[in-house]
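For reference, run_0.txt (compact mmCIF, C-alpha atoms):
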# COMPACT_ATOMS: atom_id res chain seq x y z
CA MET A 299 232.18 291.23 91.08
CA THR A 300 231.85 289.08 87.95
CA TRP A 301 234.45 288.36 85.34
CA ASP A 302 234.53 289.36 81.68
CA ALA A 303 235.82 287.28 78.76
CA GLU A 304 239.31 288.80 78.94
CA GLN A 305 239.67 288.07 82.68
CA LYS A 306 238.45 284.52 82.16
CA MET A 307 240.92 283.91 79.34
CA GLN A 308 243.87 285.27 81.36
CA PHE A 309 242.77 283.29 84.43
CA LEU A 310 242.73 280.00 82.49
CA PHE A 311 246.00 280.80 80.71
CA HIS A 312 247.70 281.37 84.07
CA LEU A 313 246.32 278.07 85.43
CA ARG A 314 247.84 276.21 82.46
CA GLN A 315 251.18 277.94 83.01
CA LYS A 316 251.11 276.71 86.62
CA GLY A 317 250.62 273.10 85.54
CA VAL A 318 246.83 272.75 85.59
CA THR A 319 246.39 271.02 82.24
CA ASP A 320 243.55 268.53 82.79
CA SER A 321 240.71 269.55 80.46
CA ARG A 322 237.87 268.58 82.84
CA THR A 323 239.46 270.54 85.71
CA LEU A 324 239.93 273.62 83.50
CA GLY A 325 236.38 273.27 82.20
CA ALA A 326 234.96 273.22 85.73
CA MET A 327 237.10 276.19 86.81
CA GLU A 328 235.92 278.13 83.77
CA LYS A 329 232.31 277.60 84.89
CA VAL A 330 232.91 278.96 88.43
CA ASP A 331 233.58 282.70 88.73
CA ARG A 332 235.98 283.21 91.66
CA GLY A 333 234.76 286.81 91.92
CA LEU A 334 231.49 285.54 93.44
CA PHE A 335 233.43 284.10 96.40
CA VAL A 336 235.59 287.15 97.24
CA LYS A 337 233.89 289.98 99.11
CA GLY A 338 234.85 293.41 100.43
CA HIS A 339 238.33 294.95 100.22
CA PHE A 340 239.81 292.14 98.13
CA GLU A 341 237.21 291.99 95.35
CA ASP A 342 239.57 293.57 92.83
CA ARG A 343 242.13 290.80 93.50
CA ALA A 344 239.65 287.96 92.86
CA TYR A 345 241.35 286.82 89.64
CA ASP A 346 244.93 287.05 90.91
CA ASP A 347 246.72 283.80 91.70
CA MET A 348 246.92 284.40 95.43
CA PRO A 349 245.11 283.31 98.60
CA LEU A 350 242.80 285.98 100.01
CA PRO A 351 241.21 286.51 103.44
CA ILE A 352 237.54 285.59 103.91
CA SER A 353 235.37 285.80 107.03
CA SER A 354 235.94 283.75 110.22
CA GLY A 355 239.71 284.24 109.91
CA GLN A 356 239.93 281.79 106.98
CA THR A 357 241.25 282.12 103.43
CA ILE A 358 240.20 281.29 99.89
CA SER A 359 243.06 279.30 98.35
CA GLN A 360 244.96 280.56 95.33
CA PRO A 361 243.41 279.32 92.07
CA SER A 362 246.49 277.40 90.90
CA VAL A 363 246.49 275.36 94.15
CA VAL A 364 242.74 274.72 93.82
CA GLY A 365 243.44 273.58 90.25
CA MET A 366 246.32 271.30 91.26
CA MET A 367 244.26 269.71 94.05
CA THR A 368 241.25 269.20 91.78
CA GLN A 369 243.42 267.75 89.02
CA ALA A 370 245.12 265.32 91.44
CA LEU A 371 241.74 264.18 92.77
CA LYS A 372 240.77 262.80 89.33
CA VAL A 373 237.04 263.10 90.02
CA GLU A 374 234.80 260.91 87.85
CA PRO A 375 231.21 261.85 86.91
CA ARG A 376 229.67 259.15 89.18
CA ASP A 377 231.82 259.97 92.22
CA LYS A 378 230.67 260.94 95.68
CA VAL A 379 233.12 263.48 97.10
CA LEU A 380 233.75 264.70 100.65
CA GLU A 381 235.35 268.11 101.16
CA VAL A 382 236.65 268.95 104.65
CA GLY A 383 236.83 272.74 105.01
CA THR A 384 234.14 274.51 102.98
CA GLY A 385 235.67 277.95 103.48
CA SER A 386 234.36 280.30 100.80
CA GLY A 387 232.71 277.43 98.91
CA TYR A 388 234.87 277.94 95.81
CA GLN A 389 236.42 274.46 95.79
CA ALA A 390 233.07 272.72 96.37
CA ALA A 391 231.49 274.69 93.52
CA ILE A 392 234.21 273.48 91.14
CA LEU A 393 233.83 269.88 92.35
CA SER A 394 230.05 270.08 91.80
CA HIS A 395 230.71 270.30 88.03
CA LEU A 396 232.82 267.13 88.11
CA ALA A 397 231.11 264.79 90.60
CA ARG A 398 227.68 263.26 91.10
CA ARG A 399 227.41 264.53 94.69
CA VAL A 400 229.59 266.75 96.91
CA TYR A 401 229.38 266.78 100.71
CA THR A 402 231.23 269.72 102.24
CA VAL A 403 231.81 270.24 105.97
CA ASP A 404 233.05 273.27 107.91
CA ARG A 405 233.30 274.07 111.62
CA HIS A 406 232.31 277.72 111.02
CA ARG A 407 228.53 278.12 110.87
CA ARG A 408 228.85 281.52 109.20
CA LEU A 409 230.85 280.04 106.31
CA THR A 410 228.48 277.13 105.74
CA ARG A 411 225.48 279.45 105.83
CA ASP A 412 227.00 281.89 103.32
CA SER A 413 228.19 279.08 101.04
CA GLU A 414 224.80 277.38 101.03
CA LYS A 415 223.12 280.62 99.94
CA LEU A 416 225.69 281.12 97.19
CA PHE A 417 225.35 277.55 95.88
CA HIS A 418 221.58 277.98 95.79
CA SER A 419 221.86 281.25 93.84
CA MET A 420 224.23 279.54 91.36
CA GLY A 421 221.86 276.59 90.87
CA LEU A 422 224.37 274.06 92.23
CA ASN A 423 221.94 271.46 93.56
CA ASN A 424 224.33 268.52 94.05
CA ILE A 425 226.19 270.03 97.03
CA THR A 426 225.22 269.18 100.62
CA VAL A 427 226.64 271.67 103.15
CA ILE A 428 227.13 270.52 106.75
CA THR A 429 228.26 272.47 109.80
CA GLY A 430 230.42 270.12 111.83
CA ASP A 431 233.85 268.84 112.77
CA GLY A 432 235.22 267.65 109.44
CA SER A 433 238.29 265.99 110.96
CA PHE A 434 236.00 263.04 111.73
CA GLY A 435 234.55 262.98 108.22
CA LEU A 436 230.93 261.97 107.64
CA PRO A 437 230.62 258.32 108.69
CA GLU A 438 226.89 258.24 107.89
CA GLN A 439 227.61 259.05 104.20
CA ALA A 440 230.77 256.94 103.85
CA PRO A 441 232.41 255.46 101.90
CA PHE A 442 233.55 258.21 99.54
CA ASP A 443 235.17 257.86 96.12
CA ARG A 444 237.19 261.02 96.69
CA ILE A 445 238.11 263.12 99.74
CA ILE A 446 239.72 266.57 99.68
CA VAL A 447 240.94 268.41 102.78
CA THR A 448 241.57 272.16 102.57
CA ALA A 449 243.37 272.53 105.91
CA ALA A 450 246.70 271.08 107.00
CA ALA A 451 246.99 268.11 109.37
CA GLU A 452 250.27 266.66 110.66
CA ASP A 453 249.23 263.31 109.17
CA PRO A 454 246.26 262.20 107.05
CA PRO A 455 243.43 261.80 109.61
CA GLY A 456 242.60 258.14 110.34
CA PRO A 457 238.81 258.61 110.25
CA LEU A 458 239.05 260.10 106.75
CA LEU A 459 241.28 257.30 105.45
CA ALA A 460 238.77 254.80 106.87
CA GLN A 461 235.93 256.51 104.94
CA LEU A 462 237.77 256.35 101.61
CA LYS A 463 236.68 253.57 99.24
CA GLU A 464 239.18 251.05 97.95
CA GLY A 465 240.41 252.59 94.70
CA GLY A 466 239.61 256.03 96.11
CA ILE A 467 241.85 259.11 96.23
CA MET A 468 242.36 261.67 98.99
CA VAL A 469 244.24 264.96 98.44
CA LEU A 470 245.34 267.07 101.40
CA PRO A 471 248.12 269.28 102.76
CA VAL A 472 250.20 267.72 105.55
CA GLY A 473 252.78 269.27 107.84
CA GLN A 474 253.10 271.72 110.71
CA SER A 475 250.88 274.75 110.17
CA ASP A 476 253.71 277.26 110.69
CA ALA A 477 256.25 275.38 108.54
CA VAL A 478 256.35 274.22 104.94
CA GLN A 479 253.54 271.79 104.19
CA SER A 480 253.33 269.28 101.36
CA LEU A 481 250.34 268.57 99.20
CA ILE A 482 249.85 264.80 99.33
CA LYS A 483 247.79 262.43 97.20
CA VAL A 484 246.78 259.21 98.96
CA THR A 485 245.46 256.31 96.87
CA LYS A 486 243.75 253.46 98.71
CA THR A 487 244.49 250.07 97.13
CA ALA A 488 243.81 246.47 98.12
CA GLN A 489 247.45 246.32 99.24
CA GLY A 490 247.21 249.46 101.40
CA LEU A 491 247.84 253.19 101.03
CA HIS A 492 250.03 254.72 98.34
CA TYR A 493 251.38 258.25 98.92
CA ASP A 494 252.50 260.79 96.29
CA GLU A 495 253.99 264.15 97.24
CA LEU A 496 252.81 266.83 94.81
CA CYS A 497 254.18 270.27 95.79
CA PRO A 498 254.88 272.57 98.76
CA VAL A 499 251.84 274.58 99.97
CA ARG A 500 250.62 276.67 102.91
CA PHE A 501 247.16 276.12 104.42
CA VAL A 502 245.42 277.04 107.65
CA PRO A 503 245.62 274.20 110.23
CA LEU A 504 242.97 271.50 110.51
CA ILE A 505 241.32 272.11 113.90
CA GLU A 506 239.08 269.67 115.73
CA GLY A 507 235.82 270.84 117.30
CA MET A 508 233.24 273.47 116.36
CA ALA A 509 234.05 277.16 115.98
CA GLN A 510 232.20 279.73 118.10
CA ASP A 511 230.87 281.90 115.25
In structure tokens, what does this structure look like?
Amino acid sequence: MTWDAEQKMQFLFHLRQKGVTDSRTLGAMEKVDRGLFVKGHFEDRAYDDMPLPISSGQTISQPSVVGMMTQALKVEPRDKVLEVGTGSGYQAAILSHLARRVYTVDRHRRLTRDSEKLFHSMGLNNITVITGDGSFGLPEQAPFDRIIVTAAAEDPPGPLLAQLKEGGIMVLPVGQSDAVQSLIKVTKTAQGLHYDELCPVRFVPLIEGMAQD
């Protein structure tokens, strides 16, 4: 499913209504058709502001949350970004229009394989897809200017904080997976870590180890 001009206009209007006002974030989201990332029964809901099921028991986040996370990350054109939790690939595709290089990790081989094919078909050549345990980050590529986590941990994972550059930003949901979670922005300064709470969210839990699929 691909969107038409009317769908795109309504989609962007709704994002602005939900507080996504950063022009670079909106520009990147306008370039990435969410319909390409939603398959099967839920195709006709691709442009609704709701999370939808994808394969491997995961979800594609609702567009307004993707927009809020991207906006909070404040990605600069020269940045190297780590995404933990590739999922459908939608968030990484948006980041690819904002950053110099995106590394995205997922524990589900099926999701990384499908995302890699999709990125290739879209001509997104600055994304590196890795199948692995993202809770440990990617030490061999660290440090990162920005880190985004699309699954909820009880606390920001230590290995990820260690791989964030001074001056860098990490955005992630924290909290118990079956309770209300908060979207948190962590800024790493010379004095230490600064935390901002952004909004309540619900994400799948961050799980250590590789999946069996």
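Between atom CA of Leu416 of chain A and atom CA of Pro441 of chain A lies a distance of 26.9 Å.
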Env of Thr410 of chain A: 9 Å cut, atoms = only C-alpha atoms, seq-sep filter 6 positions within chain, self excluded. Answer as a ChimeraX atom specification. /A:384-387,402-404,427-429
Please list, as a compact mmCIF listing (two decimals) with C-alpha atoms, keeping the file's coordinate frame, the residues that have an atom at most 12 Å away from (249.6, 286.1, 96.0) in the coordinates of this file, counting only C-alpha atoms.
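The resulting file, part.txt, is reproduced below:
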# COMPACT_ATOMS: atom_id res chain seq x y z
CA PHE A 340 239.81 292.14 98.13
CA ARG A 343 242.13 290.80 93.50
CA ALA A 344 239.65 287.96 92.86
CA TYR A 345 241.35 286.82 89.64
CA ASP A 346 244.93 287.05 90.91
CA ASP A 347 246.72 283.80 91.70
CA MET A 348 246.92 284.40 95.43
CA PRO A 349 245.11 283.31 98.60
CA LEU A 350 242.80 285.98 100.01
CA PRO A 351 241.21 286.51 103.44
CA THR A 357 241.25 282.12 103.43
CA ILE A 358 240.20 281.29 99.89
CA SER A 359 243.06 279.30 98.35
CA GLN A 360 244.96 280.56 95.33
CA PRO A 361 243.41 279.32 92.07
CA SER A 362 246.49 277.40 90.90
CA VAL A 363 246.49 275.36 94.15
CA ARG A 500 250.62 276.67 102.91
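The residue that comes closest to Leu436 of chain A, out of A:Ala397, A:Leu380, A:Leu459, A:Ala450 and on the basis of only C-alpha atoms, is A:Leu380.
Take atom CA of Leu396 of chain A and atom CA of Ile425 of chain A: the distance between them is 11.5 Å.
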What's the separation between atom CA of Leu470 of chain A and atom CA of Trp301 of chain A, in Å to one decimal place? 28.8 Å
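Among the candidates A:Leu393, A:Met367, A:Thr319, A:Ala326, the residue lying nearest to Thr448 of chain A is A:Met367 (atoms considered: all atoms listed in the file).
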From the list A:Phe417, A:Asn423, A:Asp320, A:Tyr401, which residue is nearest Pro437 of chain A when using all atoms listed in the file? A:Tyr401
Closest of A:Cys497, A:His418, A:Ile446, A:Lys372 to Gly317 of chain A - atom-to-atom distances counting only C-alpha atoms: A:Cys497
List every protein, DNA or RNA residue that has an atom no more than 10 Å from (232.8, 262.7, 93.5) in the file's coordinate frame, counting all atoms listed in the file, and report them as a PyMOL selection string. chain A and resi 371-381+393-401+442-445+466
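Between Gly507 of chain A and the candidates A:Asp342, A:Asp431, A:Asp331, A:Glu414, the tightest atom-to-atom separation, counting all atoms listed in the file, involves A:Asp431.
Proximity to Leu504 of chain A was assessed for A:Val469, A:Val382, A:Ala477, A:Ala488 counting all atoms listed in the file; the smallest distance is recorded for A:Val382.
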